[in-house]
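Asker: Supplied structure: protein-v5.cif, mmCIF, C-alpha atoms (C1' of nucleotides).
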```
data_protein
loop_
_atom_site.label_atom_id
_atom_site.label_comp_id
_atom_site.auth_asym_id
_atom_site.auth_seq_id
_atom_site.Cartn_x
_atom_site.Cartn_y
_atom_site.Cartn_z
CA MET A 107 109.22 98.23 120.61
CA LYS A 108 110.84 94.87 120.44
CA LYS A 109 111.30 93.74 116.86
CA ASP A 110 109.58 90.67 115.50
CA SER A 111 112.36 88.31 114.40
CA ARG A 112 110.24 85.34 113.49
CA LEU A 113 110.75 85.70 109.74
CA SER A 114 114.49 85.70 110.27
CA SER A 115 114.09 82.72 112.60
CA VAL A 116 112.06 80.53 110.32
CA LEU A 117 114.35 81.23 107.40
CA HIS A 118 117.31 80.21 109.48
CA ALA A 119 115.53 77.07 110.59
CA LEU A 120 114.25 76.12 107.14
CA LEU A 121 117.69 76.43 105.57
CA HIS A 122 119.22 74.24 108.22
CA MET A 123 116.48 71.72 107.62
CA ALA A 124 117.11 71.89 103.90
CA GLU A 125 120.77 71.02 104.47
CA ARG A 126 119.85 67.85 106.33
CA GLU A 127 118.38 64.49 105.53
CA GLY A 128 115.53 63.43 107.77
CA PRO A 129 113.69 65.26 110.48
CA VAL A 130 115.25 67.87 112.76
CA THR A 131 114.01 68.18 116.32
CA SER A 132 112.87 71.40 117.98
CA GLU A 133 115.69 70.88 120.44
CA GLU A 134 118.31 70.87 117.68
CA LEU A 135 116.82 73.91 116.00
CA ALA A 136 116.62 75.67 119.35
CA VAL A 137 120.31 75.10 120.00
CA CYS A 138 121.35 76.39 116.63
CA MET A 139 119.12 79.45 117.02
CA HIS A 140 120.06 80.07 120.64
CA THR A 141 116.51 79.85 121.82
CA ASN A 142 114.01 77.53 123.41
CA PRO A 143 112.35 74.44 121.84
CA VAL A 144 108.92 75.73 122.78
CA VAL A 145 109.49 78.93 120.84
CA VAL A 146 110.57 76.85 117.87
CA ARG A 147 107.44 74.74 118.04
CA ARG A 148 105.22 77.76 118.35
CA THR A 149 106.63 79.41 115.27
CA MET A 150 107.11 76.27 113.19
CA GLY A 151 103.57 75.31 114.07
CA LEU A 152 102.34 78.14 111.88
CA LEU A 153 104.34 76.79 108.96
CA ARG A 154 102.93 73.34 109.61
CA ASP A 155 99.38 74.69 109.58
CA ALA A 156 100.19 76.20 106.19
CA GLY A 157 101.51 72.88 104.90
CA LEU A 158 105.08 74.07 104.42
CA VAL A 159 106.55 71.62 106.90
CA VAL A 160 105.42 68.48 108.71
CA SER A 161 106.08 67.52 112.28
CA ALA A 162 106.33 64.02 113.72
CA ARG A 163 106.10 63.12 117.35
CA GLY A 164 107.95 60.46 119.25
CA SER A 165 111.36 58.94 118.82
CA GLY A 166 112.90 59.81 115.48
CA GLY A 167 110.42 62.64 115.09
CA GLY A 168 110.95 66.30 114.37
CA TRP A 169 110.42 68.76 111.54
CA GLN A 170 110.79 68.33 107.80
CA ILE A 171 110.20 70.59 104.84
CA MET A 172 107.35 69.59 102.58
CA ALA A 173 107.35 72.50 100.18
CA ASP A 174 109.44 73.01 97.06
CA LEU A 175 112.26 75.40 97.93
CA GLU A 176 111.87 77.01 94.51
CA GLN A 177 108.27 77.89 95.25
CA VAL A 178 108.39 79.26 98.77
CA THR A 179 108.94 83.02 98.90
CA LEU A 180 109.69 85.34 101.79
CA ARG A 181 106.35 86.94 101.18
CA GLN A 182 104.56 83.66 101.61
CA LEU A 183 106.40 83.09 104.89
CA HIS A 184 105.51 86.60 106.04
CA GLU A 185 101.87 85.84 105.35
CA THR A 186 102.11 82.49 107.07
CA LEU A 187 103.38 84.25 110.18
CA GLY A 188 100.19 86.29 110.19
CA GLU A 189 101.46 89.37 108.37
CA PRO A 190 102.89 91.07 111.44
CA ALA A 191 103.23 94.83 111.36
CA ILE A 192 106.14 95.88 109.19
CA PHE A 193 106.65 99.38 110.53
CA ALA A 194 107.62 100.58 113.96
CA ILE A 195 106.33 104.06 113.15
CA GLY A 196 102.67 104.86 112.83
CA ASN A 197 99.85 107.28 113.30
CA ARG A 198 98.90 108.37 116.75
CA ASN A 199 95.23 107.88 116.00
CA GLU A 200 94.03 105.86 113.03
CA THR A 201 90.55 107.38 112.82
CA PRO A 202 90.78 111.01 113.89
CA GLN A 203 87.97 113.54 113.75
CA CYS A 204 90.47 116.36 113.40
CA LEU A 205 90.95 117.40 109.77
CA VAL A 206 94.54 118.37 110.46
CA GLU A 207 95.31 114.93 111.74
CA GLN A 208 93.48 113.35 108.83
CA SER A 209 95.75 115.22 106.45
CA VAL A 210 98.83 114.09 108.33
CA ASN A 211 97.64 110.49 108.41
CA ALA A 212 96.88 110.49 104.70
CA ALA A 213 100.37 111.67 103.82
CA LEU A 214 102.08 109.21 106.13
CA ASP A 215 99.85 106.32 105.11
CA ASP A 216 100.67 106.94 101.46
CA ALA A 217 104.39 106.90 102.07
CA PHE A 218 104.28 103.81 104.25
CA ALA A 219 102.00 101.99 101.83
CA GLU A 220 104.46 102.59 99.03
CA ALA A 221 107.41 101.37 101.05
CA GLU A 222 105.44 98.33 102.16
CA ALA A 223 104.49 97.51 98.60
CA LEU A 224 108.14 97.67 97.57
CA LEU A 225 109.21 95.45 100.44
CA LEU A 226 106.52 92.84 99.78
CA GLU A 227 107.36 92.89 96.10
CA ARG A 228 110.98 92.12 96.94
CA PHE A 229 109.89 89.46 99.38
CA SER A 230 107.80 87.82 96.70
CA ARG A 231 110.87 87.55 94.47
CA ILE A 232 113.13 85.81 96.96
CA THR A 233 112.76 82.05 97.30
CA LEU A 234 114.18 79.63 99.81
CA ALA A 235 116.13 78.05 96.96
CA GLU A 236 117.90 81.34 96.31
CA LEU A 237 118.81 81.75 99.96
CA ALA A 238 120.10 78.18 100.02
CA ALA A 239 122.23 78.89 96.96
CA GLU A 240 123.56 82.04 98.56
CA PHE A 241 124.49 80.03 101.61
CA GLN A 242 126.34 77.51 99.43
CA ARG A 243 128.37 80.34 97.91
CA ARG A 244 129.27 81.65 101.34
CA HIS A 245 130.11 78.19 102.52
CA ALA A 246 132.43 77.57 99.58
CA ALA A 247 134.08 80.95 100.07
CA TYR A 248 134.54 80.19 103.74
CA ARG A 249 136.23 76.86 103.04
CA GLN A 250 138.42 78.60 100.48
CA GLY A 251 139.49 81.03 103.18
CA GLN A 252 140.17 78.20 105.62
CA ALA A 253 142.38 76.23 103.23
CA MET B 168 106.03 96.17 119.22
CA LYS B 169 104.39 99.44 120.17
CA LYS B 170 104.62 101.92 117.34
CA ASP B 171 106.42 105.23 117.63
CA SER B 172 103.84 107.89 116.81
CA ARG B 173 105.95 110.95 117.48
CA LEU B 174 106.34 111.90 113.83
CA SER B 175 102.60 111.84 113.43
CA SER B 176 102.28 113.81 116.67
CA VAL B 177 104.70 116.59 115.82
CA LEU B 178 103.17 117.01 112.38
CA HIS B 179 99.76 117.35 113.94
CA ALA B 180 101.10 119.86 116.45
CA LEU B 181 103.08 121.89 113.93
CA LEU B 182 100.13 122.26 111.59
CA HIS B 183 97.90 123.46 114.40
CA MET B 184 100.58 125.94 115.38
CA ALA B 185 100.86 127.09 111.78
CA GLU B 186 97.14 127.84 111.76
CA ARG B 187 97.42 130.12 114.75
CA GLU B 188 98.89 133.50 115.55
CA GLY B 189 101.08 133.62 118.62
CA PRO B 190 102.33 130.88 120.91
CA VAL B 191 100.41 127.71 121.70
CA THR B 192 100.80 126.14 125.12
CA SER B 193 101.69 122.51 125.78
CA GLU B 194 98.36 122.22 127.52
CA GLU B 195 96.45 123.29 124.41
CA LEU B 196 98.44 120.97 122.18
CA ALA B 197 97.94 118.14 124.66
CA VAL B 198 94.17 118.59 124.59
CA CYS B 199 94.03 118.59 120.82
CA MET B 200 96.24 115.51 120.63
CA HIS B 201 94.54 113.67 123.47
CA THR B 202 97.68 113.36 125.48
CA ASN B 203 99.61 114.89 128.32
CA PRO B 204 101.42 118.28 128.36
CA VAL B 205 104.61 116.61 129.55
CA VAL B 206 104.65 114.33 126.54
CA VAL B 207 104.19 117.36 124.32
CA ARG B 208 107.10 119.18 125.94
CA ARG B 209 109.33 116.16 125.69
CA THR B 210 108.76 115.73 122.00
CA MET B 211 108.62 119.40 121.07
CA GLY B 212 111.83 119.89 123.02
CA LEU B 213 113.65 117.93 120.35
CA LEU B 214 112.32 120.28 117.69
CA ARG B 215 113.39 123.25 119.79
CA ASP B 216 116.89 121.87 120.12
CA ALA B 217 116.97 121.63 116.34
CA GLY B 218 115.83 125.25 115.99
CA LEU B 219 112.52 124.41 114.33
CA VAL B 220 110.40 125.92 117.09
CA VAL B 221 110.93 128.15 120.09
CA SER B 222 109.43 127.85 123.52
CA ALA B 223 108.70 130.62 125.99
CA ARG B 224 108.08 130.17 129.68
CA GLY B 225 105.74 132.05 131.92
CA SER B 226 102.43 133.71 131.33
CA GLY B 227 101.72 134.16 127.66
CA GLY B 228 104.35 131.59 126.83
CA GLY B 229 104.14 128.45 124.70
CA TRP B 230 105.42 127.13 121.40
CA GLN B 231 105.92 128.84 118.05
CA ILE B 232 107.27 127.72 114.71
CA MET B 233 110.51 129.36 113.65
CA ALA B 234 111.23 127.43 110.48
CA ASP B 235 109.95 128.09 106.96
CA LEU B 236 107.12 125.66 106.26
CA GLU B 237 108.39 125.31 102.71
CA GLN B 238 111.75 124.11 103.91
CA VAL B 239 110.88 121.61 106.62
CA THR B 240 110.50 118.05 105.31
CA LEU B 241 109.21 114.91 106.97
CA ARG B 242 112.67 113.48 106.65
CA GLN B 243 114.15 116.36 108.59
CA LEU B 244 111.60 115.84 111.33
CA HIS B 245 112.34 112.12 111.40
CA GLU B 246 116.01 112.94 111.88
CA THR B 247 115.20 115.50 114.53
CA LEU B 248 113.33 112.83 116.47
CA GLY B 249 116.54 110.81 116.53
CA GLU B 250 115.87 108.59 113.52
CA PRO B 251 113.86 106.00 115.41
CA ALA B 252 113.74 102.48 114.00
CA ILE B 253 111.48 102.31 110.98
CA PHE B 254 110.82 98.59 110.94
CA ALA B 255 109.12 96.35 113.44
CA ILE B 256 110.68 93.28 111.82
CA GLY B 257 114.34 92.48 112.10
CA ASN B 258 117.04 89.89 112.32
CA ARG B 259 117.19 87.63 115.30
CA ASN B 260 120.93 88.19 115.66
CA GLU B 261 122.74 91.02 113.90
CA THR B 262 126.21 89.49 114.00
CA PRO B 263 125.85 85.74 113.70
CA GLN B 264 128.70 83.27 113.34
CA CYS B 265 126.45 80.86 111.48
CA LEU B 266 126.86 81.17 107.71
CA VAL B 267 123.26 80.19 107.18
CA GLU B 268 122.09 83.03 109.36
CA GLN B 269 124.49 85.40 107.66
CA SER B 270 122.92 84.57 104.32
CA VAL B 271 119.44 85.14 105.71
CA ASN B 272 120.43 88.43 107.29
CA ALA B 273 122.04 89.66 104.09
CA ALA B 274 118.92 89.03 102.06
CA LEU B 275 116.61 90.65 104.62
CA ASP B 276 118.93 93.59 105.19
CA ASP B 277 119.01 94.29 101.47
CA ALA B 278 115.25 94.29 101.17
CA PHE B 279 114.73 96.47 104.24
CA ALA B 280 117.44 98.89 103.17
CA GLU B 281 115.74 99.38 99.85
CA ALA B 282 112.35 99.98 101.42
CA GLU B 283 113.87 102.38 103.92
CA ALA B 284 115.58 104.33 101.16
CA LEU B 285 112.30 104.68 99.33
CA LEU B 286 110.49 105.83 102.44
CA LEU B 287 113.11 108.41 103.34
CA GLU B 288 113.17 109.63 99.79
CA ARG B 289 109.44 110.20 99.97
CA PHE B 290 109.78 111.85 103.34
CA SER B 291 112.35 114.23 101.94
CA ARG B 292 109.89 115.36 99.27
CA ILE B 293 107.02 116.23 101.61
CA THR B 294 107.12 119.63 103.29
CA LEU B 295 105.04 121.11 106.07
CA ALA B 296 103.74 123.63 103.56
CA GLU B 297 102.34 120.83 101.44
CA LEU B 298 100.62 119.24 104.39
CA ALA B 299 99.17 122.59 105.37
CA ALA B 300 97.85 123.05 101.85
CA GLU B 301 96.33 119.59 101.90
CA PHE B 302 94.60 120.47 105.15
CA GLN B 303 93.21 123.65 103.61
CA ARG B 304 91.74 121.58 100.78
CA ARG B 305 90.13 119.20 103.23
CA HIS B 306 88.85 122.07 105.29
CA ALA B 307 87.28 123.76 102.28
CA ALA B 308 85.71 120.48 101.18
CA TYR B 309 84.36 119.94 104.66
CA ARG B 310 82.75 123.37 104.77
CA GLN B 311 81.32 122.68 101.36
CA GLY B 312 79.75 119.52 102.72
CA GLN B 313 78.37 121.37 105.74
CA ALA B 314 76.72 124.14 103.72
"C1'" DC C 232 107.58 141.60 145.29
"C1'" DC C 233 104.14 138.04 144.84
"C1'" DG C 234 101.59 134.81 142.54
"C1'" DA C 235 99.82 132.63 138.62
"C1'" DA C 236 101.13 130.75 134.25
"C1'" DT C 237 104.17 127.95 131.74
"C1'" DC C 238 108.11 125.39 130.40
"C1'" DG C 239 112.09 121.83 131.93
"C1'" DT C 240 113.02 117.55 133.50
"C1'" DA C 241 113.71 113.59 136.49
"C1'" DA C 242 111.61 109.54 138.17
"C1'" DT C 243 108.29 106.24 137.96
"C1'" DA C 244 104.34 103.59 136.29
"C1'" DA C 245 101.29 101.79 132.77
"C1'" DT C 246 101.03 99.36 128.50
"C1'" DC C 247 101.69 96.30 124.72
"C1'" DG C 248 103.62 92.63 122.05
"C1'" DA C 249 107.46 89.33 121.30
"C1'" DA C 250 110.17 86.05 123.42
"C1'" DG C 251 111.34 82.93 127.13
"C1'" DT C 252 110.03 79.45 130.66
"C1'" DT C 253 107.56 75.94 133.12
"C1'" DA C 254 104.45 72.30 133.26
"C1'" DC C 255 102.03 68.72 131.61
"C1'" DA C 256 99.32 66.17 128.14
"C1'" DT C 257 99.55 63.45 123.74
"C1'" DG C 258 101.34 60.33 120.59
"C1'" DA C 259 104.93 57.30 118.32
"C1'" DA C 260 108.69 54.07 118.39
"C1'" DA C 261 111.90 50.77 120.37
"C1'" DT D 28 106.09 50.40 129.06
"C1'" DT D 29 109.65 53.41 128.79
"C1'" DT D 30 111.59 57.01 126.16
"C1'" DC D 31 111.53 60.52 122.87
"C1'" DA D 32 109.40 64.28 120.84
"C1'" DT D 33 105.65 67.38 119.68
"C1'" DG D 34 101.23 70.29 121.35
"C1'" DT D 35 99.79 73.74 124.08
"C1'" DA D 36 98.30 76.44 128.04
"C1'" DA D 37 99.82 79.59 131.49
"C1'" DC D 38 102.86 82.63 133.21
"C1'" DT D 39 107.07 85.53 133.36
"C1'" DT D 40 110.50 88.38 131.35
"C1'" DC D 41 112.02 91.87 128.35
"C1'" DG D 42 112.21 96.12 125.48
"C1'" DA D 43 110.33 100.19 123.91
"C1'" DT D 44 106.84 103.92 123.84
"C1'" DT D 45 103.72 106.55 126.25
"C1'" DA D 46 101.54 108.35 130.47
"C1'" DT D 47 101.76 110.34 135.02
"C1'" DT D 48 103.49 112.59 139.10
"C1'" DA D 49 106.28 115.80 141.20
"C1'" DC D 50 108.94 119.66 141.59
"C1'" DG D 51 112.16 123.23 140.00
"C1'" DA D 52 112.97 127.39 137.05
"C1'" DT D 53 111.23 131.48 134.41
"C1'" DT D 54 108.34 135.03 133.00
"C1'" DC D 55 104.53 138.18 133.13
"C1'" DG D 56 101.10 141.08 135.51
"C1'" DG D 57 99.41 143.57 139.22
#
```
Represent the supplied structure as structure tokens.
Answerer:
Amino acid sequence: MKKDSRLSSVLHALLHMAEREGPVTSEELAVCMHTNPVVVRRTMGLLRDAGLVVSARGSGGGWQIMADLEQVTLRQLHETLGEPAIFAIGNRNETPQCLVEQSVNAALDDAFAEAEALLLERFSRITLAELAAEFQRRHAAYRQGQA
Amino acid sequence: MKKDSRLSSVLHALLHMAEREGPVTSEELAVCMHTNPVVVRRTMGLLRDAGLVVSARGSGGGWQIMADLEQVTLRQLHETLGEPAIFAIGNRNETPQCLVEQSVNAALDDAFAEAEALLLERFSRITLAELAAEFQRRHAAYRQGQA
DNA sequence: CCGAATCGTAATAATCGAAGTTACATGAAA
DNA sequence: TTTCATGTAACTTCGATTATTACGATTCGG
């Protein structure tokens, strides 16, 4: 199964946008993410529908963050992307007649539900502002190393 | 991403085998799992290589459990299947030059690592014997409901 | 020994969702 | 009105699991 990397993508894009004044075009974001402007629009469009960013057409247009970086969490972004499946492992049949399979499903579902709850809890505690701050630390450390 | 359901499958198969005396053929397992005998052989072959089951060819042949149900954990089975990827969500690029992307990856990797650790910990605490017991409870409750 | 039963395995196709691409319409600004 | 940029539909490509076909290798029974 090919992994869904949209969460990673939008975080990358949002942080770049946060580092810049004024709108950033899909083309610019696409270059920095090594992808295609249409893919950027498709994914960013979901964030726009959720009010997290705005887009402007025409010359001088592009994407800008509307939300407060302190308020936007990874969990919120995950939800905005439509809550894609988190796990690449699952039950063979979600509604089996077989009692054996029902027992197996119940045990696996429990374990996965717990892991998912932990992950979403962590996601809800990480904000864009924190990621931006982490980037600033790395950036400072990098310049230190360069000097 | 299509989910890997082999863990679910082998659990289902192993519990059916545990309920029976003597070998069970790939054909029988395939029927009960709504799949193909070749798929059964392919997956069970991994368990055989790990010594958890044995296979016998020819008339009267089939699959039999060799391991102690009390000792075999879900984690062990997951490992036997080659430790397939647990998550359907991942980083766009695992080794980015971009410091922004590195920061994003670090945060996501941390969260996923923690969730994975929890899941594997739970897997290591669930044995085949416990699943078999859970099935017996469901079976008894079902017969109760029928009577 | 022969033949049916059964596993072993390679090769190939079907499937499913994310990602990439092409094409063109829409709207804003110079 | 030309240019820039998004909006979006349609289609292709890609990656991974699962399904299917085909055939070879063993084992048991008569």
Asker: Determine, counting only C-alpha atoms (C1' of nucleotides), which protein, DNA and RNA residues have an atom within 7 Å of an atom of region 190-199 of chain B; residues of the same chain fewer than 6 positions away are not included. Present the result as an mmCIF file with C-alpha atoms, in the coordinates of the input.
Answerer:
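As written to disk, selection22.cif reads:
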```cif
data_model
loop_
_atom_site.group_PDB
_atom_site.id
_atom_site.type_symbol
_atom_site.label_atom_id
_atom_site.label_comp_id
_atom_site.auth_asym_id
_atom_site.auth_seq_id
_atom_site.Cartn_x
_atom_site.Cartn_y
_atom_site.Cartn_z
ATOM 1 C CA ALA B 180 101.100 119.860 116.450
ATOM 2 C CA MET B 184 100.580 125.940 115.380
ATOM 3 C CA VAL B 207 104.190 117.360 124.320
ATOM 4 C CA ARG B 208 107.100 119.180 125.940
ATOM 5 C CA GLY B 228 104.350 131.590 126.830
ATOM 6 C CA GLY B 229 104.140 128.450 124.700
ATOM 7 C CA TRP B 230 105.420 127.130 121.400
ATOM 8 C CA GLN B 231 105.920 128.840 118.050
#
```
Asker: Using only C-alpha atoms (C1' of nucleotides), find which residues of chain A lie within 9 Å of chain C and jot them down as a PyMOL selection string.
Answerer: chain A and resi 107-111+141-142+144-145+162-167
Asker: Under the rule that all atoms listed in the file are counted, which of A:Gln242, A:Ile195, A:Ala235, A:Ala223 is the nearest residue to chain B?
Answerer: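 So, comparing all the options, the nearest one is A:Ile195.
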Asker: Translate the PyMOL selection byres ((chain A) within 7 of (chain B)), as applied to the file shown, into an explicit residue set as a PyMOL selection string.
Answerer: chain A and resi 107-111+114-115+117-118+121+191-198+205-207+209-210+217-218+221+224-225+228+237+240-241+244-245
Asker: Mind pulling up the distance from C1' of DT28 (chain D) to CA of Gly151 (chain A)?
Answerer: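 For CA of Gly151 (chain A) relative to C1' of DT28 (chain D), the distance reads 29.2 Å.
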Asker: Once the PyMOL selection byres ((chain D) within 12 of (chain B)) has been applied to the shown file, what residues remain in the selection, as a VMD selection string?
Answerer: chain D and resid 41 to 49 52 to 56
Asker: State, in Å with one decimal place, the distance from CA of Leu214 (chain B) to CA of Thr247 (chain B).
Answerer: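 Interatomic distance here is 6.4 Å.
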Asker: For the atom pair CA of Glu189 (chain A) and C1' of DG34 (chain D), what is the interatomic distance in Å to one decimal place?
Answerer: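 Computing it gives 23.1 Å between the two atoms.
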Asker: Which centre and which edge lengths, in Å to one decimal, describe the axis-aligned box that holds all listed atoms of region 32-49 of chain D after 8 Å is added on each side, as JSON?
Answerer:
```
{"center_x": 105.3, "center_y": 90.0, "center_z": 130.4, "size_x": 29.9, "size_y": 67.5, "size_z": 37.5}
```
